[in-house]
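For reference, the structure is listed below as structure tokens.
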Amino acid sequence: MKTLSAHSKLLLSEKAHQQGSEHASDYLSNLALRRVSPSKADITLMDAFSEPLPDGPSNPLDVVDMLHRFGSPATVATAGGRFFGLVVGGSLPACVGARALMSAWDQLATTEITSPISAHLERVSSDWLLNLFNLPRSSSVGFVTGTTMGNFVSLAAARHRLLSKLNWNVEKQGLFGAPSLRVVASREVHFTVEKVLAMLGIGTDLIEYVPVDSNGAMKVSELPELDERTIVLTQAGNVNSGAIDPIGKIVEKARSNGAWVHVDGAFGLWAAASSRKKHLIAGFEEADSWVTDGHKWLNTPYDSGIAICRHPEDVHKSMATVAPYFEVSKNIDAKDMMPELSRAARGVDIWAALKSLGRHGVQELVNDCCDHARLLADELEAMGFEVLNDVVLNQVVATYSPDEARVSDIVEWVVNSGIAWFGVTRWQGRQAFRISVSSWVTCREDVEETVNAIKSASDELGLFRS
Ligand SMILES: *Cc1c(COP(=O)(O)O)cnc(C)c1O
């Protein structure tokens with residue numbers, strides 16, 4: 001009896017999954033043609049959700065239908081080819097399929113006991129990532145929500161290591177009364193790193209900011225003296241310009257004096273996967289910790305961040321849920337190597353992406369995005385816009401020099417047209433718009449359509465009239 005009733009309950013899940021899959025297919029088949037940003041009418045549709053908490057149950061299939069009917073139109077088409085805002089990737093086909101299966105699996109992914117398959121694929125993905133980036137094979141790899149939490153894990157490990165050398169056990173004794181650490185960071189450090197320093201109780205007041213060059217990369221000549229109390233925060237991939245700090249040179253300065261060098265490579269770390277681009281990040285493998293996102297340039301679904309550390313024992317000591325083990329092996333449960341006790345099988349997304357792309361596919365993805373960014377920059381310049389950054393990767397920052405205030409009009413025109421999406425930014429004191437090409441979906445036609453939309457905007461707004 002019990003089996004039967006469980007069986008019939010699961011039949012409902014099966015039907016709901018099928019219903020969801022059909023709607024997902026419908027969504028994906030329209031994605032290349034629909035508006036990138038929802039229209040006002042699409043937003044109004046969401047009023048359907050603004051109802052009091054229902055007293056009674058609804059048919060699960062109706063719930064799924066409702067979500068598609070009133071919810072899908074109010075999404076932003078970030079999974080399509082013409083969303084160029086922030087730094088946002090789409091979802092690779094293998095990942096989309098894997099997610100469908102994983103939604104049925106519903107695994108608690110942080111222990112071997114609750115999910116052998118997740119634990120196994122996280123080990124495989126870890127090895128593949130270390131191989132792809134050519135990082136020390138004994139490094140720990142943690143699958144977190146994104147680079148913010150990856151930075152959190154890395155800096156917690158750094159905090160642990162530097163303080164323990166000063167005979168201070170931060171996990172036990174806390175930070176009240178602890179010896180002081182130093183933090184050296186680029187003027188262009190990402191704001192989430194500052195947030196992480198606040199979360200870790202280190203705070204932001206003590207940051208020693210290092211000036212940057214015209215493309216936003218740290219000036220090595222301006223680095224202060226480093227010592228065994230210092231954490232150096234480098235960046236691979238400036239969110240505006242794409243610039244990568246001269247990490248190799250920074251590491252050279254840090255190595256002899258015991259400073260910890262961290263690399264925030266949310267998207268820029270993937271430059272290491274391209275033979276055309278890896279010179280930009282030369283020497284990065286000598287750092288102590290590295291973080292990157294799956295959901296940006298690797299094009300896994302949200303949310304997916306990767307924290308890699310040369311010193312697994314320091315990660316373990318700062319993240320263990322029980323008394324830390326003396327030795328850290330590859331079989332240690334994920335829950336003892338990162339913040340969450342419960343989380344999704346994020347390593348499976350990474351595995352699906354890397355298995356479907358292979359080393360060459362990752363390289364091609366990176367190169368294609370860079371080529372499209374280059375093409376966009378050239379077309380913008382041909383129109384008369386001023387490109388403000390050195391387009392080293394996938395990011396383009398441009399402005400209308402005669403009157404920078406008009407940049408927001410251009411962005412508004414294009415976004416309202418629904419053809420493409422990108423946003424305004426401030427770059428080295430100037431008002432500009434920023435285009436990030438990070439999706440595997442984007443093809444030449446998407447770039448051309450976007451260029452044409454910017455042309456139409458310029459015409460209608462009366463720019464470049466002589
Ligand atoms: C996006 C980004 C972050 C934050 O990453 P999340 O995945 O959004 O948490 C941090 N640093 C840089 C350089 C980024 O581009």
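We label chains A, B, ... in the order they appear in the structure tokens, count residues from 1 in each chain, and number ligands from 1 in the order shown.
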Exercise answer, 9 Å around ligand 1 with only C-alpha atoms and all ligand atoms, as a PyMOL selection string: chain A and resi 86-88+145-151+189-193+235-240+242+264-268+291-296+302-305
Could you write those residues out with N, CA, C and O atoms, as a compact mmCIF listing (two decimals), in the first residue's frame?
# COMPACT_ATOMS: atom_id res chain seq x y z
N LEU A 86 26.23 43.84 -17.27
CA LEU A 86 27.06 43.25 -16.21
C LEU A 86 28.07 42.28 -16.84
O LEU A 86 28.66 42.61 -17.84
N VAL A 87 28.28 41.11 -16.25
CA VAL A 87 29.02 40.04 -16.94
C VAL A 87 28.18 38.79 -16.72
O VAL A 87 28.18 38.22 -15.64
N VAL A 88 27.41 38.42 -17.75
CA VAL A 88 26.40 37.38 -17.58
C VAL A 88 26.49 36.37 -18.71
O VAL A 88 26.41 36.75 -19.88
N THR A 145 28.34 29.59 -4.29
CA THR A 145 27.29 30.25 -5.09
C THR A 145 27.85 31.16 -6.18
O THR A 145 27.20 31.39 -7.18
N GLY A 146 29.02 31.73 -5.93
CA GLY A 146 29.57 32.67 -6.92
C GLY A 146 30.91 33.17 -6.41
O GLY A 146 31.44 32.69 -5.40
N THR A 147 31.43 34.16 -7.11
CA THR A 147 32.74 34.68 -6.73
C THR A 147 32.70 35.38 -5.38
O THR A 147 33.68 35.35 -4.63
N THR A 148 31.57 35.99 -5.04
CA THR A 148 31.48 36.63 -3.72
C THR A 148 31.81 35.60 -2.63
O THR A 148 32.68 35.83 -1.78
N MET A 149 31.13 34.47 -2.66
CA MET A 149 31.38 33.45 -1.64
C MET A 149 32.72 32.76 -1.84
O MET A 149 33.34 32.29 -0.88
N GLY A 150 33.19 32.70 -3.07
CA GLY A 150 34.52 32.16 -3.33
C GLY A 150 35.59 33.03 -2.68
O GLY A 150 36.53 32.54 -2.05
N ASN A 151 35.41 34.35 -2.82
CA ASN A 151 36.33 35.27 -2.15
C ASN A 151 36.24 35.10 -0.64
O ASN A 151 37.24 35.19 0.07
N VAL A 189 39.44 47.32 -7.09
CA VAL A 189 38.97 46.06 -6.51
C VAL A 189 37.44 46.00 -6.60
O VAL A 189 36.75 47.01 -6.48
N HIS A 190 36.90 44.81 -6.87
CA HIS A 190 35.45 44.67 -7.01
C HIS A 190 34.77 44.91 -5.67
O HIS A 190 35.27 44.47 -4.64
N PHE A 191 33.61 45.59 -5.70
CA PHE A 191 32.97 45.97 -4.43
C PHE A 191 32.59 44.75 -3.59
O PHE A 191 32.48 44.85 -2.38
N THR A 192 32.41 43.58 -4.23
CA THR A 192 32.05 42.40 -3.43
C THR A 192 33.23 41.93 -2.57
O THR A 192 33.02 41.29 -1.56
N VAL A 193 34.45 42.26 -2.98
CA VAL A 193 35.61 41.89 -2.17
C VAL A 193 35.61 42.73 -0.90
O VAL A 193 35.88 42.23 0.21
N GLN A 235 43.23 41.10 -9.23
CA GLN A 235 42.02 40.92 -10.02
C GLN A 235 42.38 40.47 -11.43
O GLN A 235 43.24 41.06 -12.07
N ALA A 236 41.70 39.44 -11.90
CA ALA A 236 41.83 39.03 -13.29
C ALA A 236 40.49 39.32 -13.95
O ALA A 236 39.53 38.56 -13.77
N GLY A 237 40.39 40.40 -14.67
CA GLY A 237 39.14 40.77 -15.33
C GLY A 237 38.43 41.89 -14.60
O GLY A 237 37.60 41.66 -13.74
N ASN A 238 38.79 43.13 -14.95
CA ASN A 238 38.09 44.30 -14.41
C ASN A 238 36.68 44.34 -15.01
O ASN A 238 36.52 44.18 -16.22
N VAL A 239 35.66 44.53 -14.17
CA VAL A 239 34.27 44.45 -14.67
C VAL A 239 33.97 45.45 -15.77
O VAL A 239 33.05 45.24 -16.56
N ASN A 240 34.72 46.54 -15.82
CA ASN A 240 34.51 47.47 -16.92
C ASN A 240 35.41 47.13 -18.11
O ASN A 240 34.93 46.78 -19.18
N GLY A 242 37.94 44.78 -18.41
CA GLY A 242 38.46 43.43 -18.63
C GLY A 242 39.94 43.31 -18.28
O GLY A 242 40.51 42.22 -18.42
N ASP A 264 41.07 37.37 -7.72
CA ASP A 264 39.64 37.41 -8.01
C ASP A 264 39.51 37.38 -9.53
O ASP A 264 39.68 38.39 -10.21
N GLY A 265 39.22 36.18 -10.04
CA GLY A 265 39.13 36.01 -11.49
C GLY A 265 37.73 35.62 -11.92
O GLY A 265 37.56 34.69 -12.70
N ALA A 266 36.74 36.34 -11.41
CA ALA A 266 35.33 35.98 -11.63
C ALA A 266 35.06 35.57 -13.07
O ALA A 266 34.42 34.56 -13.34
N PHE A 267 35.56 36.37 -14.02
CA PHE A 267 35.48 35.91 -15.42
C PHE A 267 36.85 35.84 -16.07
O PHE A 267 37.11 34.97 -16.90
N GLY A 268 37.78 36.70 -15.63
CA GLY A 268 39.08 36.80 -16.29
C GLY A 268 39.96 35.57 -16.15
O GLY A 268 40.89 35.38 -16.95
N VAL A 291 39.72 32.51 -7.53
CA VAL A 291 38.27 32.32 -7.56
C VAL A 291 37.76 32.66 -8.94
O VAL A 291 38.25 33.59 -9.60
N THR A 292 36.80 31.86 -9.40
CA THR A 292 36.15 32.22 -10.65
C THR A 292 34.69 31.77 -10.59
O THR A 292 34.27 31.06 -9.68
N ASP A 293 33.93 32.24 -11.56
CA ASP A 293 32.52 31.86 -11.65
C ASP A 293 32.31 30.83 -12.75
O ASP A 293 32.97 30.88 -13.79
N GLY A 294 31.39 29.89 -12.49
CA GLY A 294 30.89 29.06 -13.58
C GLY A 294 29.83 29.83 -14.36
O GLY A 294 29.76 29.79 -15.58
N HIS A 295 28.99 30.59 -13.61
CA HIS A 295 27.82 31.21 -14.25
C HIS A 295 28.15 32.42 -15.12
O HIS A 295 27.27 32.95 -15.79
N LYS A 296 29.37 32.89 -15.10
CA LYS A 296 29.73 33.97 -16.02
C LYS A 296 30.25 33.33 -17.32
O LYS A 296 29.49 32.91 -18.14
N TYR A 302 22.96 29.60 -13.14
CA TYR A 302 23.13 30.12 -11.78
C TYR A 302 22.72 29.03 -10.80
O TYR A 302 21.81 28.27 -11.08
N ASP A 303 23.35 28.99 -9.59
CA ASP A 303 24.50 29.81 -9.25
C ASP A 303 25.71 28.91 -9.13
O ASP A 303 25.62 27.79 -8.68
N SER A 304 26.85 29.43 -9.54
CA SER A 304 28.02 28.57 -9.61
C SER A 304 29.32 29.36 -9.50
O SER A 304 29.69 30.09 -10.42
N GLY A 305 29.96 29.23 -8.36
CA GLY A 305 31.28 29.84 -8.17
C GLY A 305 32.29 28.76 -7.79
O GLY A 305 31.91 27.69 -7.29
Among listed residues A:Val261, A:Ala420, A:Val210, A:Cys95, nearest Val348 (chain A) (using only C-alpha atoms):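 For Val348 (chain A), the nearest of the given residues is A:Cys95.
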So which bits of region 245-345 of chain A end up helix (DSSP H, G or I) when you DSSP the backbone, as an NGL selection string? :A and (247-255 or 268-273 or 278-281 or 284-286 or 294-298 or 312-319 or 334-336)
Run DSSP on the backbone and grab whatever in region 77-220 of chain A lands in strand (DSSP E); send it over as a ChimeraX atom specification. /A:140-144,182-186,207-210
Could you work out how far CA of Gly81 (chain A) lies from CA of Val441 (chain A), giving the answer in Å with one decimal?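 Straight-line distance from CA of Val441 (chain A) to CA of Gly81 (chain A) works out to 4.8 Å.
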Tell me, as a ChimeraX atom specification, which residues lie within 10 Å of region 221-232 of chain A, counting only C-alpha atoms; anything in the same chain fewer than 4 positions away does not count. /A:155,158-159,161-163,165-166,179-186,207-212,249-251,253-263,287-288
Which of these residues is nearest to Ile435 (chain A), using only C-alpha atoms: A:Phe83, A:Lys355, A:Leu233, A:Glu364?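 Looking at the shortest contact to Ile435 (chain A), the residue is A:Phe83.
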Which residue gives the smallest distance to Phe143 (chain A) among A:Ala94, A:Ala432, A:Leu269, A:Ala344, with only C-alpha atoms counted? A:Ala344
Residue contacts of region 12-19 of chain A (10 Å, only C-alpha atoms) excluding same-chain residues fewer than 3 positions away, as a PyMOL selection string: chain A and resi 7-9+22-25+59-65+68+100-101+103-104
Any chance you could export the current selection's all heavy atoms as a compact mmCIF listing (two decimals), in the first residue's frame?
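Okay, part_38.txt is ready:
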# COMPACT_ATOMS: atom_id res chain seq x y z
N HIS A 7 4.22 5.78 -5.04
CA HIS A 7 4.33 5.72 -6.49
C HIS A 7 3.37 6.72 -7.15
O HIS A 7 3.76 7.44 -8.09
CB HIS A 7 4.03 4.30 -6.95
CG HIS A 7 4.30 4.08 -8.40
ND1 HIS A 7 5.59 3.95 -8.89
CD2 HIS A 7 3.48 4.00 -9.46
CE1 HIS A 7 5.53 3.79 -10.19
NE2 HIS A 7 4.26 3.82 -10.57
N SER A 8 2.16 6.76 -6.66
CA SER A 8 1.21 7.68 -7.30
C SER A 8 1.55 9.14 -6.98
O SER A 8 1.31 10.03 -7.80
CB SER A 8 -0.23 7.35 -6.89
OG SER A 8 -0.33 7.31 -5.49
N LYS A 9 2.13 9.37 -5.82
CA LYS A 9 2.58 10.75 -5.53
C LYS A 9 3.65 11.17 -6.54
O LYS A 9 3.64 12.27 -7.07
CB LYS A 9 3.17 10.83 -4.12
CG LYS A 9 2.14 10.95 -3.03
CD LYS A 9 2.84 11.14 -1.69
CE LYS A 9 1.83 11.27 -0.57
NZ LYS A 9 2.49 11.41 0.74
N GLU A 22 8.10 20.97 -21.07
CA GLU A 22 7.44 21.49 -22.28
C GLU A 22 7.47 23.01 -22.31
O GLU A 22 7.74 23.62 -23.34
CB GLU A 22 6.00 20.98 -22.36
CG GLU A 22 5.93 19.64 -23.07
CD GLU A 22 4.62 18.90 -22.84
OE1 GLU A 22 3.58 19.57 -22.64
OE2 GLU A 22 4.64 17.65 -22.86
N HIS A 23 7.20 23.61 -21.15
CA HIS A 23 7.25 25.08 -21.09
C HIS A 23 8.68 25.57 -21.33
O HIS A 23 8.88 26.60 -21.97
CB HIS A 23 6.74 25.57 -19.74
CG HIS A 23 5.27 25.36 -19.56
ND1 HIS A 23 4.37 25.46 -20.59
CD2 HIS A 23 4.53 25.06 -18.45
CE1 HIS A 23 3.14 25.23 -20.14
NE2 HIS A 23 3.21 24.98 -18.84
N ALA A 24 9.64 24.84 -20.80
CA ALA A 24 11.04 25.24 -20.99
C ALA A 24 11.40 25.20 -22.48
O ALA A 24 12.07 26.09 -23.00
CB ALA A 24 11.96 24.33 -20.19
N SER A 25 10.91 24.16 -23.17
CA SER A 25 11.16 24.07 -24.62
C SER A 25 10.54 25.24 -25.34
O SER A 25 11.14 25.85 -26.23
CB SER A 25 10.57 22.78 -25.19
OG SER A 25 11.19 21.68 -24.60
N ASN A 59 -3.70 22.40 -8.04
CA ASN A 59 -3.11 21.35 -8.87
C ASN A 59 -1.67 21.77 -9.25
O ASN A 59 -1.47 22.85 -9.79
CB ASN A 59 -3.97 21.19 -10.12
CG ASN A 59 -3.47 20.09 -11.03
OD1 ASN A 59 -2.27 19.75 -11.00
ND2 ASN A 59 -4.36 19.53 -11.81
N PRO A 60 -0.67 20.92 -8.94
CA PRO A 60 0.72 21.28 -9.27
C PRO A 60 0.91 21.65 -10.74
O PRO A 60 1.72 22.53 -11.06
CB PRO A 60 1.50 20.01 -8.93
CG PRO A 60 0.63 19.19 -8.08
CD PRO A 60 -0.79 19.61 -8.30
N LEU A 61 0.19 20.99 -11.62
CA LEU A 61 0.34 21.30 -13.05
C LEU A 61 -0.14 22.73 -13.35
O LEU A 61 0.45 23.43 -14.16
CB LEU A 61 -0.44 20.30 -13.91
CG LEU A 61 -0.05 18.83 -13.78
CD1 LEU A 61 -0.75 17.99 -14.85
CD2 LEU A 61 1.46 18.66 -13.88
N ASP A 62 -1.20 23.16 -12.65
CA ASP A 62 -1.67 24.53 -12.82
C ASP A 62 -0.65 25.53 -12.30
O ASP A 62 -0.49 26.62 -12.85
CB ASP A 62 -3.00 24.74 -12.08
CG ASP A 62 -4.13 23.92 -12.70
OD1 ASP A 62 -3.96 23.48 -13.86
OD2 ASP A 62 -5.15 23.70 -12.02
N VAL A 63 0.04 25.12 -11.22
CA VAL A 63 1.06 26.01 -10.65
C VAL A 63 2.17 26.23 -11.68
O VAL A 63 2.60 27.35 -11.93
CB VAL A 63 1.64 25.40 -9.35
CG1 VAL A 63 2.82 26.22 -8.84
CG2 VAL A 63 0.56 25.31 -8.27
N VAL A 64 2.59 25.13 -12.31
CA VAL A 64 3.66 25.23 -13.31
C VAL A 64 3.18 26.05 -14.51
O VAL A 64 3.91 26.91 -15.02
CB VAL A 64 4.12 23.81 -13.75
CG1 VAL A 64 5.17 23.91 -14.84
CG2 VAL A 64 4.68 23.05 -12.55
N ASP A 65 1.93 25.82 -14.92
CA ASP A 65 1.38 26.60 -16.05
C ASP A 65 1.38 28.09 -15.75
O ASP A 65 1.72 28.91 -16.59
CB ASP A 65 -0.08 26.16 -16.32
CG ASP A 65 -0.13 24.83 -17.04
OD1 ASP A 65 0.91 24.40 -17.58
OD2 ASP A 65 -1.23 24.21 -17.06
N HIS A 68 4.73 29.76 -16.09
CA HIS A 68 5.15 30.01 -17.47
C HIS A 68 4.33 31.15 -18.09
O HIS A 68 4.89 32.05 -18.71
CB HIS A 68 4.98 28.73 -18.29
CG HIS A 68 5.48 28.87 -19.70
ND1 HIS A 68 6.71 29.43 -20.01
CD2 HIS A 68 4.92 28.54 -20.90
CE1 HIS A 68 6.88 29.43 -21.33
NE2 HIS A 68 5.81 28.90 -21.89
N ALA A 100 17.68 19.60 -15.63
CA ALA A 100 16.37 18.95 -15.64
C ALA A 100 16.44 17.64 -14.87
O ALA A 100 15.60 17.34 -14.02
CB ALA A 100 15.90 18.72 -17.07
N LEU A 101 17.49 16.88 -15.14
CA LEU A 101 17.67 15.61 -14.43
C LEU A 101 17.94 15.84 -12.94
O LEU A 101 17.38 15.16 -12.07
CB LEU A 101 18.83 14.84 -15.08
CG LEU A 101 19.15 13.46 -14.52
CD1 LEU A 101 17.92 12.55 -14.53
CD2 LEU A 101 20.30 12.82 -15.33
N SER A 103 16.94 18.23 -11.15
CA SER A 103 15.77 18.66 -10.39
C SER A 103 14.99 17.44 -9.92
O SER A 103 14.32 17.46 -8.89
CB SER A 103 14.90 19.61 -11.22
OG SER A 103 14.07 18.90 -12.10
N ALA A 104 15.09 16.34 -10.66
CA ALA A 104 14.46 15.10 -10.21
C ALA A 104 15.31 14.43 -9.11
O ALA A 104 14.78 13.88 -8.15
CB ALA A 104 14.26 14.15 -11.38
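With CA of Glu112 (chain A) on one side and CA of Asp333 (chain A) on the other, the separation reads 6.4 Å.
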Counting only C-alpha atoms, figure out which residue out of A:Asn30, A:Ser164, A:Ser140, A:Ser72 gets nearest to Ser329 (chain A).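 The shortest atom-to-atom distance to Ser329 (chain A) comes from A:Ser140.
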Would you pick out the contacts of Arg430 (chain A) at 10 Å or less, using only C-alpha atoms, so that residues sharing its chain but fewer than 4 positions from it are not included, and give the list as a list in words?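 Contacts, with the query itself left out: Leu388, Ala398, Thr399, Ser401, Glu404, Ala405, Thr425 and Arg426 of chain A.
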Excluding same-chain residues fewer than 6 positions from Lys40 (chain A), what lies within 12 Å of it counting only C-alpha atoms, as a ChimeraX atom specification? /A:46-47,73-74,416-418
Using all heavy atoms, can you export the residues from the last selection as a PDB file, in the first residue's frame?
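Saved as out_23.pdb:
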ATOM      1  N   MET A  46       2.504  40.054 -14.241  1.00  0.00           N
ATOM      2  CA  MET A  46       2.873  39.492 -12.934  1.00  0.00           C
ATOM      3  C   MET A  46       1.872  39.832 -11.833  1.00  0.00           C
ATOM      4  O   MET A  46       1.931  39.247 -10.754  1.00  0.00           O
ATOM      5  CB  MET A  46       4.271  39.976 -12.513  1.00  0.00           C
ATOM      6  CG  MET A  46       5.383  39.371 -13.321  1.00  0.00           C
ATOM      7  SD  MET A  46       6.992  39.749 -12.587  1.00  0.00           S
ATOM      8  CE  MET A  46       7.043  41.537 -12.743  1.00  0.00           C
ATOM      9  N   ASP A  47       0.958  40.763 -12.122  1.00  0.00           N
ATOM     10  CA  ASP A  47      -0.102  41.068 -11.142  1.00  0.00           C
ATOM     11  C   ASP A  47      -0.846  39.797 -10.750  1.00  0.00           C
ATOM     12  O   ASP A  47      -1.391  39.703  -9.652  1.00  0.00           O
ATOM     13  CB  ASP A  47      -1.092  42.091 -11.720  1.00  0.00           C
ATOM     14  CG  ASP A  47      -0.452  43.467 -11.853  1.00  0.00           C
ATOM     15  OD1 ASP A  47       0.646  43.662 -11.288  1.00  0.00           O
ATOM     16  OD2 ASP A  47      -1.042  44.333 -12.534  1.00  0.00           O
ATOM     17  N   PRO A  73       7.269  35.649 -19.409  1.00  0.00           N
ATOM     18  CA  PRO A  73       7.423  36.926 -20.124  1.00  0.00           C
ATOM     19  C   PRO A  73       8.152  37.984 -19.297  1.00  0.00           C
ATOM     20  O   PRO A  73       8.748  38.901 -19.856  1.00  0.00           O
ATOM     21  CB  PRO A  73       5.970  37.364 -20.387  1.00  0.00           C
ATOM     22  CG  PRO A  73       5.160  36.108 -20.309  1.00  0.00           C
ATOM     23  CD  PRO A  73       5.839  35.260 -19.276  1.00  0.00           C
ATOM     24  N   ALA A  74       8.124  37.863 -17.988  1.00  0.00           N
ATOM     25  CA  ALA A  74       8.759  38.875 -17.128  1.00  0.00           C
ATOM     26  C   ALA A  74      10.196  38.520 -16.780  1.00  0.00           C
ATOM     27  O   ALA A  74      10.775  39.082 -15.851  1.00  0.00           O
ATOM     28  CB  ALA A  74       7.934  39.065 -15.855  1.00  0.00           C
ATOM     29  N   ASN A 416      14.859  49.921 -24.415  1.00  0.00           N
ATOM     30  CA  ASN A 416      13.416  49.990 -24.693  1.00  0.00           C
ATOM     31  C   ASN A 416      13.042  49.324 -26.009  1.00  0.00           C
ATOM     32  O   ASN A 416      11.932  48.811 -26.156  1.00  0.00           O
ATOM     33  CB  ASN A 416      12.937  51.449 -24.721  1.00  0.00           C
ATOM     34  CG  ASN A 416      12.824  52.009 -23.314  1.00  0.00           C
ATOM     35  OD1 ASN A 416      12.737  51.258 -22.346  1.00  0.00           O
ATOM     36  ND2 ASN A 416      12.850  53.329 -23.193  1.00  0.00           N
ATOM     37  N   SER A 417      13.962  49.338 -26.961  1.00  0.00           N
ATOM     38  CA  SER A 417      13.674  48.695 -28.252  1.00  0.00           C
ATOM     39  C   SER A 417      13.535  47.186 -28.087  1.00  0.00           C
ATOM     40  O   SER A 417      12.940  46.511 -28.917  1.00  0.00           O
ATOM     41  CB  SER A 417      14.792  48.997 -29.258  1.00  0.00           C
ATOM     42  OG  SER A 417      15.942  48.199 -28.971  1.00  0.00           O
ATOM     43  N   GLY A 418      14.110  46.656 -27.012  1.00  0.00           N
ATOM     44  CA  GLY A 418      14.052  45.202 -26.787  1.00  0.00           C
ATOM     45  C   GLY A 418      15.083  44.435 -27.599  1.00  0.00           C
ATOM     46  O   GLY A 418      15.196  43.216 -27.475  1.00  0.00           O
TER      47      GLY A 418
END
Nearest to Val124 (chain A) by atom-to-atom distance, counting only C-alpha atoms, from A:Thr111, A:Ser154, A:Asn331, A:Asn452: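 The shortest atom-to-atom distance to Val124 (chain A) comes from A:Asn331.
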Give me the residues near Val141 (chain A) as an NGL selection string, where near means some atom within 6 Å (using only C-alpha atoms) and where sequence neighbours in that chain fewer than 6 positions away do not count. :A and (126 or 307-308)
Give me a file of those residues, with N, CA and C atoms, as a JSON list (two decimals), in the first residue's frame.
[["chain", "number", "residue", "atom", "x", "y", "z"],
["A", 126, "SER", "N", 36.86, 18.97, -10.14],
["A", 126, "SER", "CA", 38.00, 19.63, -9.50],
["A", 126, "SER", "C", 39.29, 19.32, -10.26],
["A", 307, "ALA", "N", 36.02, 28.13, -5.81],
["A", 307, "ALA", "CA", 37.10, 28.65, -4.97],
["A", 307, "ALA", "C", 38.23, 27.64, -4.94],
["A", 308, "ILE", "N", 39.39, 28.04, -5.43],
["A", 308, "ILE", "CA", 40.54, 27.14, -5.49],
["A", 308, "ILE", "C", 41.62, 27.66, -4.54]]
What is the distance, in Å and to one decimal place, between CA of Met66 (chain A) and CA of Gly80 (chain A)? 22.5 Å
Of the candidates A:Ala453, A:Cys443, A:Leu376, A:Leu197, which one gets nearest to Trp421 (chain A) if we count only C-alpha atoms?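 The closest residue to Trp421 (chain A) is A:Ala453.
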